[in-house]
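Visitor: Below are the structure tokens for one structure; questions will follow.
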Amino acid sequence: MLRVENLRSGYGKVDVLHGISLNVERSECVALVGANGAGKTTTLKCICGINPIRSGSITFEGEPIHGLPGHLIVRRGITMCPEGRQVFSEMTVLENLEMGAHSRVDDSQTKDLDEMFELFPVLRQRAKQSAGTLSGGEQEMLAIARALMARPKLCIFDEPSLGLAPKIVEEVEQTLARIKAMGTTILLVEQNAAMALRLSDRAYVFEAGEIVLHGTGQELQNHPEVSKAYLGY
Ligand SMILES: Nc1ncnc2c1ncn2[C@@H]1O[C@H](COP(=O)(O)OP(=O)(O)O)[C@@H](O)[C@H]1O
Ligand SMILES: [Mg+2]
């Protein structure tokens with residue numbers, strides 16, 4: 001479904017990605033793990049058309065998408081749930097969810113809103129409240145629901161557990177597992193490698209702008225270097 005080949009990108013004079021290749025197939029959950037600064041977010045931003053690429057290619061459903069502006073990539077069916085949630089804090093929960101669906105032309109938003117409220121009952125309770133008044137965990141749920149409201153073919157999550165209390169991190173993991181079980185194709189970036197490897201069918205390990213390991217979530221959980229460097233045992 002998504003194929004990234006030999007991707008190079010960077011900022012100003014600095015090269016950050018030195019030839020990244022990865023793929024995501026339909027209904028798969030693929031994780032990118034690795035230390036802070038390894039280039040995971042940069043990779044996601046290239047896929048979403050936020051960062052320009054320097055060379056290589058990104059194809060989605062067989063067609064090149066690198067070079068397309070972000071809003072057209074959203075139309076193709078790729079949605080990002082960004083790092084740090086970035087909910088529209090002055091807007092209500094309901095308005096945030098409606099914003100998530102703005103790129104859609106069909107008229108089944110009401111049905112999808114109901115589905116989101118089923119998945120996240122707390123959002124129903126708080127529908128009329130401004131998003132800025134929610135707790136961190138609730139804002140994460142809102143950011144996830146907002147991304148799903150676009151009905152993405154590929155949903156990208158950047159560090160959904162970052163900065164949340166352990167109990168809420170567990171909730172985020174359960175939520176992602178449910179979204180995966182619904183058949184959503186997921187590309188997940190997580191510094192919480194244990195969680196990422198439990199959730200993912202396959203994972204890529206990033207180090208300084210390169211992919212140094214690749215395997216199934218299970219293989220990597222049992223890989224000595226991965227467990228030592230990222231899982232703490
Ligand atoms: N907007 C930016 N301008 C300049 N350098 C950046 C910018 N964003 C990220 N970087 C640098 O790019 C490298 C990779 O960052 P990033 O992709 O955010 O890593 P990760 O998501 O794996 O933590 C880091 O060295 C970071 O400092
Ligand atoms: Mg990042």
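As shown in the structure tokens, the chain order sets the letters A, B, ...; within each chain, residues go from 1, and ligands are also counted from 1 in the order they appear.
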Could you pull out the helix (DSSP H, G or I) residues of segment 65-221 of chain A from DSSP and send them as number ranges by chain?
Guide: A: 70-76, 93-100, 109-119, 121-125, 131-133, 136-148, 166-181, 193-199, 217-221
Visitor: Select the residues contacting ligand 2 at a distance of at most 9 Å, based on only C-alpha atoms and all ligand atoms, then format the selection as JSON, numbers by chain.
Guide: {"A": [36, 37, 38, 39, 40, 41, 42, 44, 83, 158, 159, 189, 190, 191]}
Visitor: Write a file of the selected residues as a CSV table (one decimal), in the first residue's frame, keeping C-alpha atoms.
Guide:
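Once written, part.csv looks like this:
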chain,number,residue,atom,x,y,z
A,36,ASN,CA,15.0,10.4,20.0
A,37,GLY,CA,16.4,12.2,17.0
A,38,ALA,CA,16.7,9.1,14.8
A,39,GLY,CA,14.5,10.6,12.1
A,40,LYS,CA,11.1,8.9,12.7
A,41,THR,CA,9.0,12.1,12.7
A,42,THR,CA,11.0,13.4,9.7
A,44,LEU,CA,6.4,10.6,8.7
A,83,GLU,CA,3.0,14.2,18.1
A,158,ASP,CA,3.4,9.9,16.0
A,159,GLU,CA,4.2,9.1,19.7
A,189,VAL,CA,6.0,5.7,15.7
A,190,GLU,CA,6.7,5.1,19.4
A,191,GLN,CA,9.6,5.6,21.7
Visitor: Hey, what does DSSP flag as strand (DSSP E or B) within segment 58-140 of chain A? Can you give it to me as a tab-separated table (two decimals) with N, CA and C atoms, in the first residue's frame?
Guide:
chain	number	residue	atom	x	y	z
A	58	ILE	N	8.22	8.00	-2.74
A	58	ILE	CA	7.16	7.53	-1.85
A	58	ILE	C	5.95	7.24	-2.73
A	59	THR	N	5.51	5.98	-2.76
A	59	THR	CA	4.32	5.66	-3.54
A	59	THR	C	3.23	5.14	-2.62
A	60	PHE	N	2.00	5.48	-2.97
A	60	PHE	CA	0.84	5.05	-2.20
A	60	PHE	C	-0.17	4.47	-3.18
A	63	GLU	N	0.89	4.81	-6.80
A	63	GLU	CA	1.17	6.10	-7.43
A	63	GLU	C	2.12	6.94	-6.60
A	64	PRO	N	3.05	7.65	-7.25
A	64	PRO	CA	3.97	8.50	-6.47
A	64	PRO	C	3.20	9.63	-5.78
A	78	ILE	N	-4.37	9.36	3.51
A	78	ILE	CA	-3.35	9.24	4.56
A	78	ILE	C	-3.61	10.33	5.60
A	79	THR	N	-3.77	9.94	6.84
A	79	THR	CA	-4.02	10.90	7.91
A	79	THR	C	-3.01	10.71	9.02
A	80	MET	N	-2.58	11.81	9.59
A	80	MET	CA	-1.61	11.75	10.68
A	80	MET	C	-2.23	12.22	11.99
A	81	CYS	N	-1.97	11.46	13.03
A	81	CYS	CA	-2.31	11.88	14.38
A	81	CYS	C	-0.98	12.36	14.96
A	92	THR	N	-14.60	23.11	20.44
A	92	THR	CA	-15.16	22.04	21.26
A	92	THR	C	-14.68	20.68	20.75
A	130	SER	N	-14.65	22.78	25.49
A	130	SER	CA	-13.53	23.10	24.61
A	130	SER	C	-12.39	22.12	24.87
Visitor: Find the spatial neighbours of Gly70 of chain A, counting only C-alpha atoms, within a cut-off of 9 Å - ignore same-chain residues fewer than 5 positions away - and output them as a list in words.
Guide: Ile47, Cys48, Gly49, Ile50 and Arg75 of chain A
Visitor: Those residues you just picked out, can you put them in a file as a tab-separated table (two decimals), in the first residue's frame with N, CA and C atoms?
Guide:
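Listing of out-v8.tsv after writing:
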chain	number	residue	atom	x	y	z
A	47	ILE	N	6.20	11.56	4.32
A	47	ILE	CA	5.08	10.78	3.78
A	47	ILE	C	3.83	11.66	3.66
A	48	CYS	N	3.63	12.53	4.64
A	48	CYS	CA	2.42	13.38	4.67
A	48	CYS	C	2.56	14.65	3.84
A	49	GLY	N	3.71	14.85	3.22
A	49	GLY	CA	3.89	16.03	2.37
A	49	GLY	C	4.18	17.30	3.15
A	50	ILE	N	4.59	17.15	4.41
A	50	ILE	CA	4.92	18.33	5.22
A	50	ILE	C	6.38	18.73	4.99
A	75	ARG	N	-6.34	13.71	0.97
A	75	ARG	CA	-7.41	13.25	0.07
A	75	ARG	C	-7.17	11.83	-0.45
Visitor: Report as a tab-separated table: every residue of segment 61-154 of chain A with an atom at most 12 Å from segment 164-187 of chain A, its closest pair of atoms, and their distance in Å to one decimal, counting only C-alpha atoms, with rows sorted by chain and ascending residue number.
Guide:
residue	atom	partner	partner_atom	distance
A:Gly77	CA	A:Thr185	CA	10.7
A:Ile78	CA	A:Thr185	CA	9.9
A:Thr79	CA	A:Ile186	CA	10.0
A:Met80	CA	A:Leu187	CA	9.2
A:Cys81	CA	A:Leu187	CA	10.3
A:Pro82	CA	A:Leu187	CA	12.0
A:Gly84	CA	A:Leu164	CA	10.3
A:Arg85	CA	A:Leu164	CA	11.2
A:Glu115	CA	A:Ile179	CA	11.7
A:Met116	CA	A:Ile179	CA	10.9
A:Glu118	CA	A:Thr175	CA	11.9
A:Leu119	CA	A:Thr175	CA	8.1
A:Phe120	CA	A:Thr175	CA	8.8
A:Ser135	CA	A:Leu164	CA	9.7
A:Gly136	CA	A:Leu164	CA	6.7
A:Gly137	CA	A:Ile168	CA	6.0
A:Glu138	CA	A:Ile168	CA	9.0
A:Gln139	CA	A:Leu164	CA	10.5
A:Glu140	CA	A:Val172	CA	8.0
A:Met141	CA	A:Val172	CA	7.6
A:Leu142	CA	A:Val172	CA	11.2
A:Ala143	CA	A:Val172	CA	11.3
A:Ile144	CA	A:Leu176	CA	8.9
A:Ala145	CA	A:Ile179	CA	10.1
A:Ala147	CA	A:Ile179	CA	11.5
A:Leu148	CA	A:Ile179	CA	9.0
A:Arg151	CA	A:Thr184	CA	9.1
A:Pro152	CA	A:Thr184	CA	8.0
A:Lys153	CA	A:Thr185	CA	6.4
A:Leu154	CA	A:Thr185	CA	5.0
Visitor: Put those residues in a file: N, CA and C atoms, as a CSV table (one decimal), in the first residue's frame.
Guide:
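Result saved to out36.csv:
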chain,number,residue,atom,x,y,z
A,77,GLY,N,-6.0,9.6,1.3
A,77,GLY,CA,-6.4,8.6,2.3
A,77,GLY,C,-5.3,8.4,3.4
A,78,ILE,N,-4.4,9.4,3.5
A,78,ILE,CA,-3.4,9.2,4.6
A,78,ILE,C,-3.6,10.3,5.6
A,79,THR,N,-3.8,9.9,6.8
A,79,THR,CA,-4.0,10.9,7.9
A,79,THR,C,-3.0,10.7,9.0
A,80,MET,N,-2.6,11.8,9.6
A,80,MET,CA,-1.6,11.8,10.7
A,80,MET,C,-2.2,12.2,12.0
A,81,CYS,N,-2.0,11.5,13.0
A,81,CYS,CA,-2.3,11.9,14.4
A,81,CYS,C,-1.0,12.4,15.0
A,82,PRO,N,-0.8,13.7,15.1
A,82,PRO,CA,0.5,14.2,15.3
A,82,PRO,C,1.1,14.1,16.7
A,84,GLY,N,2.3,15.1,20.2
A,84,GLY,CA,1.8,16.2,21.1
A,84,GLY,C,0.3,16.6,20.9
A,85,ARG,N,-0.4,15.6,20.2
A,85,ARG,CA,-1.9,15.7,20.1
A,85,ARG,C,-2.3,16.9,19.2
A,115,GLU,N,-19.9,6.3,16.0
A,115,GLU,CA,-18.9,5.3,16.2
A,115,GLU,C,-17.8,5.7,17.1
A,116,MET,N,-17.3,7.0,16.9
A,116,MET,CA,-16.2,7.5,17.7
A,116,MET,C,-16.7,7.7,19.2
A,118,GLU,N,-18.8,5.8,20.6
A,118,GLU,CA,-18.9,4.4,21.1
A,118,GLU,C,-17.5,4.0,21.6
A,119,LEU,N,-16.5,4.3,20.7
A,119,LEU,CA,-15.1,3.9,20.9
A,119,LEU,C,-14.5,4.7,22.1
A,120,PHE,N,-14.9,6.0,22.2
A,120,PHE,CA,-14.4,6.9,23.2
A,120,PHE,C,-15.5,7.5,24.0
A,135,SER,N,-8.0,16.5,29.9
A,135,SER,CA,-6.8,16.0,30.4
A,135,SER,C,-5.9,15.6,29.2
A,136,GLY,N,-4.6,15.3,29.5
A,136,GLY,CA,-3.7,14.9,28.4
A,136,GLY,C,-4.2,13.6,27.7
A,137,GLY,N,-4.6,12.7,28.6
A,137,GLY,CA,-5.1,11.4,28.0
A,137,GLY,C,-6.4,11.6,27.2
A,138,GLU,N,-7.3,12.4,27.6
A,138,GLU,CA,-8.5,12.7,26.9
A,138,GLU,C,-8.2,13.4,25.5
A,139,GLN,N,-7.2,14.3,25.6
A,139,GLN,CA,-6.8,15.0,24.4
A,139,GLN,C,-6.2,14.0,23.4
A,140,GLU,N,-5.4,13.0,23.9
A,140,GLU,CA,-4.9,12.0,23.0
A,140,GLU,C,-6.0,11.2,22.3
A,141,MET,N,-7.0,10.8,23.1
A,141,MET,CA,-8.2,10.1,22.6
A,141,MET,C,-8.8,10.9,21.5
A,142,LEU,N,-9.0,12.2,21.8
A,142,LEU,CA,-9.6,13.1,20.8
A,142,LEU,C,-8.8,13.2,19.5
A,143,ALA,N,-7.4,13.3,19.7
A,143,ALA,CA,-6.6,13.4,18.5
A,143,ALA,C,-6.7,12.1,17.7
A,144,ILE,N,-6.8,11.0,18.3
A,144,ILE,CA,-6.9,9.7,17.6
A,144,ILE,C,-8.3,9.6,16.9
A,145,ALA,N,-9.3,10.0,17.6
A,145,ALA,CA,-10.7,10.0,17.0
A,145,ALA,C,-10.8,11.0,15.9
A,147,ALA,N,-8.4,11.9,13.9
A,147,ALA,CA,-7.7,11.3,12.7
A,147,ALA,C,-8.6,10.2,12.1
A,148,LEU,N,-9.3,9.4,12.9
A,148,LEU,CA,-10.1,8.4,12.3
A,148,LEU,C,-11.4,8.9,11.6
A,151,ARG,N,-11.6,8.9,8.0
A,151,ARG,CA,-11.7,7.5,7.4
A,151,ARG,C,-10.5,7.2,6.6
A,152,PRO,N,-9.3,7.3,7.2
A,152,PRO,CA,-8.1,7.1,6.4
A,152,PRO,C,-7.9,5.7,6.0
A,153,LYS,N,-7.3,5.5,4.8
A,153,LYS,CA,-6.8,4.2,4.4
A,153,LYS,C,-5.6,3.8,5.2
A,154,LEU,N,-4.8,4.8,5.4
A,154,LEU,CA,-3.6,4.6,6.3
A,154,LEU,C,-3.6,5.7,7.4
Visitor: Would you kindly return, as a PyMOL selection string, each protein, DNA or RNA residue with an atom no farther than 8 Å from any atom of Leu22 of chain A, considering only C-alpha atoms and excluding same-chain residues fewer than 2 positions away?
Guide: chain A and resi 3-5+20+24+204
Visitor: Would you kindly return, as a list in words, each protein, DNA or RNA residue with an atom no farther than 10 Å from any atom of segment 225-227 of chain A, considering only C-alpha atoms and excluding same-chain residues fewer than 2 positions away?
Guide: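 In the requested format, the answer is Val33, Gly34, Ala193, Ala194, Val205, Leu213, Glu219, Leu220, Gln221, Asn222, His223, Ala229, Tyr230, Leu231, Gly232 and Tyr233 of chain A.
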Visitor: Since we have the selection now, will you write its residues out, keeping N, CA and C atoms, as a tab-separated table (two decimals), in the first residue's frame?
Guide:
chain	number	residue	atom	x	y	z
A	33	VAL	N	10.60	2.31	15.42
A	33	VAL	CA	11.12	2.56	16.76
A	33	VAL	C	12.57	3.04	16.65
A	34	GLY	N	13.05	3.61	17.74
A	34	GLY	CA	14.42	4.11	17.73
A	34	GLY	C	14.53	5.32	18.63
A	193	ALA	N	9.09	1.31	22.91
A	193	ALA	CA	9.31	0.23	21.95
A	193	ALA	C	8.55	-1.03	22.34
A	194	ALA	N	8.43	-1.28	23.63
A	194	ALA	CA	7.73	-2.49	24.08
A	194	ALA	C	6.30	-2.47	23.57
A	205	VAL	N	13.73	-0.59	12.95
A	205	VAL	CA	14.50	0.13	13.97
A	205	VAL	C	15.35	1.20	13.29
A	213	LEU	N	17.57	-2.37	11.56
A	213	LEU	CA	16.97	-3.69	11.77
A	213	LEU	C	15.53	-3.66	11.30
A	219	GLU	N	9.86	-11.03	16.46
A	219	GLU	CA	11.31	-11.22	16.26
A	219	GLU	C	12.11	-10.14	16.96
A	220	LEU	N	11.64	-8.90	16.82
A	220	LEU	CA	12.41	-7.80	17.39
A	220	LEU	C	12.32	-7.78	18.92
A	221	GLN	N	11.16	-8.21	19.44
A	221	GLN	CA	11.06	-8.28	20.92
A	221	GLN	C	12.08	-9.25	21.48
A	222	ASN	N	12.41	-10.29	20.69
A	222	ASN	CA	13.36	-11.30	21.15
A	222	ASN	C	14.79	-11.03	20.69
A	223	HIS	N	14.98	-9.94	19.96
A	223	HIS	CA	16.31	-9.64	19.42
A	223	HIS	C	17.18	-9.05	20.54
A	229	ALA	N	18.81	-2.33	24.03
A	229	ALA	CA	18.81	-0.89	23.77
A	229	ALA	C	17.45	-0.24	24.03
A	230	TYR	N	16.37	-0.94	23.75
A	230	TYR	CA	15.07	-0.26	23.78
A	230	TYR	C	14.05	-0.85	24.76
A	231	LEU	N	14.27	-2.07	25.19
A	231	LEU	CA	13.27	-2.67	26.05
A	231	LEU	C	13.73	-2.76	27.51
A	232	GLY	N	15.02	-2.51	27.73
A	232	GLY	CA	15.54	-2.45	29.08
A	232	GLY	C	15.66	-3.80	29.77
A	233	TYR	N	15.95	-4.86	29.01
A	233	TYR	CA	16.26	-6.13	29.66
A	233	TYR	C	17.21	-6.96	28.83
Visitor: How far is it from atom CA of Arg124 of chain A to atom CA of His102 of chain A, in Å with one decimal?
Guide: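 So the answer is 19.6 Å.
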